[in-house]
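Undergrad: What follows is work_1.csv; its format and atoms are CSV, C-alpha atoms.
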```csv
chain,number,residue,atom,x,y,z
T,147,MET,CA,36.6,39.2,80.7
T,148,ILE,CA,36.7,41.8,83.5
T,149,ASP,CA,39.3,40.8,86.1
T,150,LEU,CA,40.3,44.0,87.9
T,151,PRO,CA,42.5,44.5,91.0
T,152,PRO,CA,41.2,46.5,93.9
T,153,PHE,CA,41.8,50.2,93.6
T,154,ASP,CA,41.4,53.3,95.7
T,155,SER,CA,38.5,55.1,94.0
T,156,SER,CA,35.3,54.1,95.8
T,157,SER,CA,33.3,55.8,93.0
T,158,GLU,CA,35.0,53.7,90.4
T,159,ALA,CA,34.5,50.6,92.4
T,160,ARG,CA,30.8,51.2,92.8
T,161,ALA,CA,30.4,51.9,89.1
T,162,ARG,CA,32.2,48.8,88.1
T,163,MET,CA,30.3,46.7,90.6
T,164,THR,CA,27.0,48.0,89.2
T,165,LEU,CA,28.0,47.0,85.7
T,166,ILE,CA,29.3,43.6,86.8
T,167,GLN,CA,26.1,42.8,88.7
T,168,CYS,CA,24.0,43.7,85.6
T,169,LYS,CA,26.2,41.6,83.3
T,170,ALA,CA,26.1,38.7,85.6
T,171,LEU,CA,22.3,38.7,85.8
T,172,ALA,CA,22.0,39.1,82.1
T,173,GLN,CA,24.3,36.2,81.6
T,174,LYS,CA,22.3,34.1,84.0
T,175,LEU,CA,19.0,34.8,82.5
T,176,GLU,CA,19.8,34.1,78.8
T,177,THR,CA,16.6,33.6,76.9
T,178,ASP,CA,17.6,30.5,74.9
T,179,LYS,CA,18.3,28.7,78.1
T,180,LEU,CA,15.1,29.9,79.8
T,181,THR,CA,13.0,28.9,76.8
T,182,ASN,CA,14.5,25.4,76.9
T,183,GLU,CA,13.8,25.1,80.6
T,184,LEU,CA,10.3,26.5,80.3
T,185,SER,CA,9.4,23.9,77.6
T,186,GLN,CA,10.1,21.2,80.2
T,187,LEU,CA,8.6,22.9,83.2
T,188,ALA,CA,5.9,20.8,84.8
T,189,HIS,CA,4.2,23.8,86.4
T,190,LEU,CA,3.9,25.6,83.0
T,191,ARG,CA,2.4,22.5,81.3
T,192,SER,CA,-0.3,22.2,84.0
T,193,PHE,CA,-0.9,25.9,84.5
T,194,SER,CA,-4.4,27.2,83.8
T,195,LYS,CA,-6.5,30.3,84.3
T,196,SER,CA,-8.0,30.7,87.8
T,197,SER,CA,-11.8,31.1,88.1
T,198,SER,CA,-11.1,34.4,90.0
T,199,CYS,CA,-9.1,35.8,87.0
T,200,ARG,CA,-10.4,39.1,85.6
T,201,VAL,CA,-8.9,39.4,82.1
T,202,GLU,CA,-9.3,43.1,82.0
T,203,GLU,CA,-7.1,43.4,85.0
T,204,VAL,CA,-4.5,41.1,83.4
T,205,LYS,CA,-4.7,43.2,80.2
T,206,LYS,CA,-3.9,46.4,82.2
T,207,TRP,CA,-0.9,45.0,84.0
T,208,VAL,CA,0.6,43.3,80.9
T,209,ALA,CA,0.2,46.5,78.8
T,210,ASN,CA,1.8,48.4,81.7
T,211,GLY,CA,4.7,46.0,81.8
T,212,TRP,CA,5.2,46.1,78.0
T,213,ASN,CA,4.9,49.9,77.7
T,214,THR,CA,7.5,50.3,80.5
T,215,GLU,CA,9.8,47.9,78.7
T,216,VAL,CA,9.4,50.0,75.5
T,217,LEU,CA,10.5,53.1,77.5
T,218,VAL,CA,13.7,51.3,78.6
T,219,LYS,CA,14.5,50.2,75.1
T,220,ALA,CA,13.6,53.6,73.5
T,221,ASN,CA,16.2,55.3,75.6
T,222,LYS,CA,18.9,53.0,74.3
T,223,ARG,CA,17.9,53.7,70.7
T,224,LEU,CA,17.2,57.4,70.9
T,225,LEU,CA,19.7,58.9,73.3
T,226,ASP,CA,23.3,59.9,72.6
T,227,GLU,CA,26.1,58.9,75.0
T,228,ASP,CA,25.8,61.7,77.5
T,229,ALA,CA,22.0,61.6,77.6
T,230,LEU,CA,22.1,57.8,77.9
T,231,LYS,CA,24.3,58.1,81.0
T,232,GLN,CA,22.0,60.7,82.6
T,233,SER,CA,19.0,58.4,81.9
T,234,LEU,CA,20.6,55.5,83.8
T,235,GLN,CA,19.0,56.9,87.0
T,236,TRP,CA,15.6,55.9,85.6
T,237,ILE,CA,16.3,52.5,84.0
T,238,PHE,CA,16.4,50.5,87.3
T,239,PRO,CA,13.0,51.8,88.4
T,240,GLN,CA,11.6,51.2,84.9
T,241,ALA,CA,13.1,47.7,84.7
T,242,TYR,CA,11.7,46.8,88.1
T,243,TYR,CA,8.2,48.1,87.3
T,244,SER,CA,8.1,46.3,84.0
T,245,ALA,CA,9.1,43.0,85.7
T,246,PHE,CA,6.7,43.6,88.6
T,247,SER,CA,3.8,44.3,86.3
T,248,LEU,CA,4.2,41.1,84.3
T,249,CYS,CA,4.7,39.1,87.5
T,250,LEU,CA,1.5,40.6,89.0
T,251,ALA,CA,-0.4,39.8,85.7
T,252,TYR,CA,0.7,36.2,86.0
T,253,PHE,CA,-0.4,36.1,89.7
T,254,ILE,CA,-3.8,37.5,88.7
T,255,VAL,CA,-4.2,34.8,86.1
T,256,GLY,CA,-3.1,32.1,88.5
T,257,GLY,CA,-5.4,33.2,91.3
T,258,TYR,CA,-2.7,34.5,93.7
T,259,THR,CA,-4.0,37.2,96.0
T,260,GLN,CA,-0.8,39.3,96.5
T,261,ARG,CA,-1.0,42.8,95.1
T,262,THR,CA,1.6,44.9,97.1
T,263,HIS,CA,5.3,45.0,96.1
T,264,ALA,CA,6.3,43.3,99.3
T,265,GLY,CA,3.7,40.6,98.9
T,266,VAL,CA,4.5,39.9,95.2
T,267,ILE,CA,8.2,39.7,95.9
T,268,LYS,CA,7.7,37.4,98.8
T,269,GLU,CA,5.4,35.1,96.9
T,270,PHE,CA,7.8,35.0,93.9
T,271,GLY,CA,10.6,34.0,96.3
T,272,ASP,CA,8.4,31.2,97.7
T,273,LEU,CA,7.4,29.9,94.2
T,274,ILE,CA,11.0,29.7,93.0
T,275,SER,CA,11.9,27.6,96.1
T,276,ARG,CA,9.1,25.1,95.1
T,277,ASP,CA,10.3,24.5,91.5
T,278,LYS,CA,7.5,26.6,90.0
T,279,TYR,CA,9.9,28.5,87.9
T,280,PRO,CA,12.8,27.5,85.5
T,281,LYS,CA,15.9,26.5,87.5
T,282,THR,CA,17.9,29.3,85.9
T,283,ILE,CA,15.9,32.0,87.6
T,284,SER,CA,15.3,30.1,90.8
T,285,PHE,CA,18.4,31.3,92.6
T,286,TYR,CA,17.8,32.9,96.0
T,287,CYS,CA,19.1,33.1,99.5
T,288,ASP,CA,17.5,32.9,102.9
T,289,GLY,CA,18.5,33.0,106.6
T,290,GLY,CA,19.5,35.8,109.0
T,291,LEU,CA,22.6,37.4,110.3
T,292,ASN,CA,25.7,35.3,109.6
T,293,LYS,CA,23.5,32.4,108.6
T,294,VAL,CA,22.7,33.2,105.0
T,295,SER,CA,22.2,30.2,102.8
T,296,PHE,CA,22.3,30.3,99.0
T,297,LYS,CA,20.3,28.0,96.7
T,298,ASN,CA,20.8,27.1,93.0
T,299,LEU,CA,24.1,28.9,92.8
T,300,GLN,CA,27.5,27.3,92.5
T,301,PHE,CA,30.2,27.9,95.1
T,302,ARG,CA,33.2,30.0,93.9
T,303,GLN,CA,35.6,31.9,96.0
T,304,LEU,CA,36.4,35.2,94.2
T,305,THR,CA,40.0,36.6,94.4
T,306,HIS,CA,38.4,40.0,94.9
T,307,THR,CA,35.0,41.5,94.8
T,308,LEU,CA,35.3,42.8,91.2
T,309,GLU,CA,36.5,39.6,89.6
T,310,TYR,CA,34.2,38.7,86.7
T,311,ASP,CA,34.5,36.3,83.7
T,312,ARG,CA,31.3,35.7,81.7
T,313,ARG,CA,32.8,32.4,80.4
T,314,ASP,CA,33.0,31.1,83.9
T,315,GLU,CA,29.5,30.2,85.2
T,316,ASP,CA,30.8,29.7,88.8
T,317,CYS,CA,32.2,33.2,88.7
T,318,VAL,CA,28.9,34.6,87.4
T,319,ASP,CA,27.1,32.8,90.3
T,320,ALA,CA,29.6,34.2,92.8
T,321,GLN,CA,28.9,37.8,91.7
T,322,ILE,CA,25.1,37.1,92.0
T,323,LYS,CA,25.7,35.7,95.5
T,324,GLN,CA,27.5,38.9,96.5
T,325,PHE,CA,24.5,40.9,95.2
T,326,LEU,CA,22.0,38.6,96.9
T,327,ASN,CA,23.8,38.7,100.2
T,328,SER,CA,24.2,42.5,100.3
T,329,THR,CA,20.5,42.9,99.4
T,330,ARG,CA,19.4,40.5,102.1
T,331,GLN,CA,21.4,42.2,104.8
T,332,ASN,CA,20.0,45.5,103.7
T,333,ASP,CA,16.4,44.2,103.7
T,334,LEU,CA,16.8,42.5,107.1
T,335,LYS,CA,18.1,45.8,108.6
T,336,GLU,CA,15.1,47.6,107.2
T,337,LYS,CA,12.7,44.9,108.4
T,338,LEU,CA,13.9,44.7,112.0
T,339,PRO,CA,12.7,48.2,113.3
T,340,LYS,CA,9.3,47.5,111.7
T,341,LEU,CA,8.8,44.4,113.9
T,342,GLY,CA,8.2,46.5,117.0
T,343,LEU,CA,10.6,44.4,119.1
T,344,LYS,CA,11.0,45.3,122.8
T,345,THR,CA,13.7,45.0,125.4
T,346,LYS,CA,13.1,43.3,128.7
T,347,LYS,CA,12.3,46.7,130.1
T,348,GLY,CA,9.6,47.3,127.5
T,349,LYS,CA,11.6,49.8,125.5
T,350,LYS,CA,11.9,49.8,121.7
T,351,LYS,CA,14.9,47.7,120.6
T,352,VAL,CA,17.6,49.5,118.7
T,353,LYS,CA,20.2,46.7,118.9
T,354,PHE,CA,19.3,43.3,117.6
T,355,ASP,CA,20.6,39.8,118.2
T,356,GLN,CA,20.6,36.6,116.2
T,357,LYS,CA,17.0,35.6,117.3
T,358,ASP,CA,15.8,39.0,116.1
T,359,TYR,CA,17.4,38.5,112.8
T,360,ASP,CA,15.9,35.0,112.5
T,361,GLN,CA,12.4,36.5,113.2
T,362,ALA,CA,13.0,39.2,110.5
T,363,SER,CA,14.2,36.5,108.1
T,364,LYS,CA,10.9,34.6,108.4
T,365,LYS,CA,8.9,37.7,107.8
T,366,LEU,CA,11.0,38.7,104.8
T,367,GLY,CA,11.0,35.4,102.9
T,368,ASN,CA,13.5,34.5,100.3
T,369,THR,CA,15.8,37.1,98.6
T,370,SER,CA,15.4,36.7,94.8
T,371,ILE,CA,15.9,38.5,91.5
T,372,LEU,CA,12.8,40.6,92.2
T,373,SER,CA,14.4,41.6,95.5
T,374,LEU,CA,17.6,42.7,93.7
T,375,LEU,CA,15.6,44.8,91.2
T,376,TYR,CA,13.6,46.4,93.9
T,377,ARG,CA,16.7,47.3,95.8
T,378,LYS,CA,18.3,48.9,92.7
T,379,ARG,CA,15.1,50.8,92.1
T,380,ILE,CA,15.3,52.4,95.5
T,381,LYS,CA,19.1,53.0,95.3
T,382,ALA,CA,18.7,54.6,91.8
T,383,ASN,CA,16.1,57.0,93.1
T,384,TYR,CA,17.8,58.0,96.3
T,385,GLN,CA,21.3,56.7,96.9
T,386,ASP,CA,23.2,55.8,93.7
T,387,ILE,CA,22.7,58.8,91.5
T,388,GLU,CA,26.4,59.7,91.6
T,389,THR,CA,27.4,56.2,90.8
T,390,LEU,CA,25.0,55.9,87.8
T,391,ILE,CA,26.2,59.1,86.2
T,392,SER,CA,29.8,58.3,86.9
T,393,ASP,CA,32.3,58.5,84.0
T,394,TYR,CA,33.5,55.0,85.2
T,395,LEU,CA,30.2,53.4,84.3
T,396,ASP,CA,29.7,52.3,80.6
T,397,ALA,CA,26.1,53.4,80.1
T,398,GLU,CA,25.6,51.5,76.8
T,399,SER,CA,26.9,48.2,78.3
T,400,ALA,CA,24.7,48.7,81.4
T,401,TYR,CA,21.6,49.2,79.2
T,402,GLU,CA,22.3,46.2,77.1
T,403,ALA,CA,22.7,44.0,80.2
T,404,ILE,CA,19.6,45.3,81.9
T,405,VAL,CA,17.5,44.9,78.7
T,406,ALA,CA,18.7,41.3,78.3
T,407,MET,CA,17.9,40.5,82.0
T,408,LEU,CA,14.4,42.1,81.7
T,409,GLU,CA,13.6,40.2,78.6
T,410,GLY,CA,14.4,37.0,80.3
T,411,ILE,CA,12.2,37.7,83.3
T,412,ASN,CA,9.3,38.9,81.2
T,413,LEU,CA,9.5,35.9,78.9
T,414,ILE,CA,8.8,33.6,81.8
T,415,HIS,CA,5.7,35.4,83.0
T,416,GLU,CA,4.4,35.9,79.4
T,417,SER,CA,4.7,32.2,78.9
T,418,PHE,CA,2.5,31.5,81.9
T,419,ILE,CA,-0.1,34.1,80.8
T,420,PHE,CA,-0.1,32.8,77.2
T,421,LYS,CA,-0.6,29.2,78.4
T,422,ALA,CA,-3.5,30.2,80.6
T,423,LEU,CA,-5.3,32.7,78.4
T,424,LYS,CA,-4.8,30.9,75.1
T,425,LYS,CA,-3.8,32.5,71.8
T,426,LYS,CA,-7.0,34.6,71.2
T,427,GLU,CA,-7.2,36.4,74.5
T,428,PHE,CA,-3.4,36.9,74.6
T,429,GLU,CA,-3.4,38.5,71.1
T,430,ASP,CA,-6.2,40.8,72.2
T,431,ILE,CA,-3.9,42.1,74.8
T,432,LEU,CA,-1.1,42.4,72.3
T,433,ASN,CA,-3.4,44.3,69.9
T,434,SER,CA,-4.2,46.8,72.7
T,435,VAL,CA,-0.6,48.1,72.5
T,436,LYS,CA,0.3,50.6,69.9
T,437,LYS,CA,1.6,48.9,66.7
T,438,ARG,CA,4.8,50.8,66.6
T,439,HIS,CA,5.7,49.5,70.0
T,440,ARG,CA,5.1,45.8,69.4
T,441,ASN,CA,8.4,45.1,67.7
T,442,ASP,CA,10.1,45.3,71.1
T,443,PHE,CA,8.5,42.1,72.2
T,444,GLU,CA,6.7,40.4,69.3
T,445,GLN,CA,9.8,38.2,68.6
T,446,ARG,CA,9.6,37.0,72.2
T,447,ILE,CA,5.9,36.2,71.8
T,448,GLU,CA,6.7,34.1,68.7
T,449,ARG,CA,9.2,32.2,70.7
T,450,ILE,CA,6.5,31.4,73.3
T,451,LYS,CA,4.0,30.4,70.6
T,452,GLU,CA,6.5,27.9,69.2
T,453,MET,CA,7.2,26.5,72.7
T,454,ILE,CA,3.6,26.2,73.9
```
Kindly transcribe the structure held in the file into structure tokens.
TA:
Amino acid sequence: MIDLPPFDSSSEARARMTLIQCKALAQKLETDKLTNELSQLAHLRSFSKSSSCRVEEVKKWVANGWNTEVLVKANKRLLDEDALKQSLQWIFPQAYYSAFSLCLAYFIVGGYTQRTHAGVIKEFGDLISRDKYPKTISFYCDGGLNKVSFKNLQFRQLTHTLEYDRRDEDCVDAQIKQFLNSTRQNDLKEKLPKLGLKTKKGKKKVKFDQKDYDQASKKLGNTSILSLLYRKRIKANYQDIETLISDYLDAESAYEAIVAMLEGINLIHESFIFKALKKKEFEDILNSVKKRHRNDFEQRIERIKEMI
């Protein structure tokens, strides 16, 4: 249990919050629970390959996602404590690109047309709101300024922002809600200037009201797990470097949580791809990956075979 009182060090607070967010998401996306939900998911049972699907394109994106996951796990195995901490700057971009690649491969199989990061994230957010994914990963928020609404997360009032108990599912959900809300507010603020809104005098708006936020909200779509990973990818590259190399951040625990979260997300998209391509085509993709790298996800594939 992590149940820490507020403290003065903003650096320590940011480091601990990063670790808590990772642990909460890993706890939420536990693979046994996801596998059970996938086995009963109507959309997976009826899913099939689109006539527009190009298997070579699917193969490219699946291999890209797997190879990037291999890089994430290799750091954990090969780097010592100091080097592991220094490498945390790269794990969030790598985790995002691995999840994005497998999601995009699934979209190609299913005939979805989105290819950009924004388009894939928005489509994913729409699909989880329509029961096309396991309930466990189908948490999201929508709405604009002061009107954010959370879905598939339990209500829990935290005693402080760094309260966390993995045994308390409501507390886990509350931490995810904090992460979703801050991500949505950040994304809305970035979206607003891009809308080209004008004042009554025809000048470019620099101050925005509730109606403006509502308009940005519709353009943005739902804020989901992919939104969170995309935000962390950007922050790791440009904003959070000092936090990620902080002595207050347990690098090994962060890695373990991020790997567990990534395995859960990739398991879902691999299941859809396997269901649509059938065993032979899927194993052709698996065989395209270097043999020494396959151990990182072969166990997950066996789980999918047993389920489907």
Undergrad: Rank nothing, just name the residue among T:Ala403, T:Ala362, T:Cys249, T:Val318 nearest to Gly342 in chain T, using all atoms listed in the file.
TA: T:Ala362
Undergrad: Taking only C-alpha atoms into account, which of T:Gln173, T:Lys350, T:His415, T:Glu427 comes nearest Arg446 in chain T?
TA: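 Of the candidates, the smallest distance to Arg446 in chain T is held by T:His415.
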Undergrad: Write out as a count of residues only which residues come within 9 Å of Arg191 in chain T when counting all atoms listed in the file, dropping same-chain ones fewer than 4 positions away.
TA: 6
Undergrad: Calculate how many Å separate CA of Asp226 in chain T from CA of Glu176 in chain T, rounding to one decimal.
TA: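 Between these atoms lies a distance of 26.8 Å.
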Undergrad: For CA of Asn327 in chain T and CA of Gly211 in chain T, determine how far apart the two atoms are, in Å to one decimal place.
TA: 27.5 Å
Undergrad: Need to verify the contact set: Arg276 in chain T, 12 Å, only C-alpha atoms, exclusion of same-chain residues closer than 3 positions in sequence. Can you return it as a list in words?
TA: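 The contact residues come out as Ala188, His189, Glu269, Phe270, Gly271, Asp272, Leu273, Tyr279, Pro280, Lys281, Ser284, Phe285, Tyr286, Lys297 and Asn368 of chain T.
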Undergrad: Pick the closest to Phe253 in chain T from T:Glu444, T:Asp358, T:Glu203, T:Glu398: which is it, counting only C-alpha atoms?
TA: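 Of all the options, T:Glu203 lies closest to Phe253 in chain T.
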Undergrad: Taking into account all atoms listed in the file, which residue in the set T:Val255, T:Ile274, T:Leu225, T:Ala245 is nearest to Ser196 in chain T?
TA: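 For Ser196 in chain T, the nearest of the given residues is T:Val255.
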Undergrad: In terms of the shortest atom-to-atom distance over all atoms listed in the file, which of T:His439, T:Arg312, T:Lys351, T:Lys451 is closest to Leu171 in chain T?
TA: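 Between T:His439, T:Arg312, T:Lys351, T:Lys451, the residue approaching Leu171 in chain T most closely is T:Arg312.
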Undergrad: Any idea what the distance is between CA of Trp236 in chain T and CA of Ile283 in chain T?
TA: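 Going from CA of Trp236 in chain T over to CA of Ile283 in chain T covers 24.0 Å.
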Undergrad: With 6 Å on each side, where is the centre of the axis-aligned box around all listed atoms of range 403-419 of chain T, and how long are its edges in Å to one decimal, as JSON?
TA:
```
{"center_x": 11.3, "center_y": 38.4, "center_z": 80.8, "size_x": 34.8, "size_y": 25.8, "size_z": 17.0}
```
Undergrad: Contacts of Glu158 in chain T at 10 Å or less, counting all atoms listed in the file, minus same-chain residues fewer than 5 places along, as a ChimeraX atom specification?
TA: /T:153,163-164,389,392-395
Undergrad: Since we have the selection now, will you write its residues out, keeping C-alpha atoms, as a CSV table (one decimal), in the coordinates of the input?
TA:
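Output file result.csv follows:
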```csv
chain,number,residue,atom,x,y,z
T,153,PHE,CA,41.8,50.2,93.6
T,163,MET,CA,30.3,46.7,90.6
T,164,THR,CA,27.0,48.0,89.2
T,389,THR,CA,27.4,56.2,90.8
T,392,SER,CA,29.8,58.3,86.9
T,393,ASP,CA,32.3,58.5,84.0
T,394,TYR,CA,33.5,55.0,85.2
T,395,LEU,CA,30.2,53.4,84.3
```
Undergrad: Please identify all polymer residues within 10 Å of Lys323 in chain T, counting all atoms listed in the file, omitting same-chain residues fewer than 5 positions from it, and present them as number ranges by chain.
TA: T: 167, 285-287, 295-297, 299-302, 317-318, 328-329
Undergrad: May I have the residues from that selection written out with C-alpha atoms, as a CSV table (one decimal), keeping the file's coordinate frame?
TA:
```csv
chain,number,residue,atom,x,y,z
T,167,GLN,CA,26.1,42.8,88.7
T,285,PHE,CA,18.4,31.3,92.6
T,286,TYR,CA,17.8,32.9,96.0
T,287,CYS,CA,19.1,33.1,99.5
T,295,SER,CA,22.2,30.2,102.8
T,296,PHE,CA,22.3,30.3,99.0
T,297,LYS,CA,20.3,28.0,96.7
T,299,LEU,CA,24.1,28.9,92.8
T,300,GLN,CA,27.5,27.3,92.5
T,301,PHE,CA,30.2,27.9,95.1
T,302,ARG,CA,33.2,30.0,93.9
T,317,CYS,CA,32.2,33.2,88.7
T,318,VAL,CA,28.9,34.6,87.4
T,328,SER,CA,24.2,42.5,100.3
T,329,THR,CA,20.5,42.9,99.4
```
Undergrad: Which residue, T:Met407, T:Leu175, T:Ile254, T:Ala397, has the smallest gap to Glu227 in chain T when you use all atoms listed in the file?
TA: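 Residue with the minimum atom-to-atom distance to Glu227 in chain T: T:Ala397.
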Undergrad: Mind listing as a PyMOL selection string all residues within 12 Å of (-1.5, 42.1, 76.3), counting only C-alpha atoms?
TA: chain T and resi 201-213+247-248+251-252+415-417+419-420+423-436+440+443-444+447
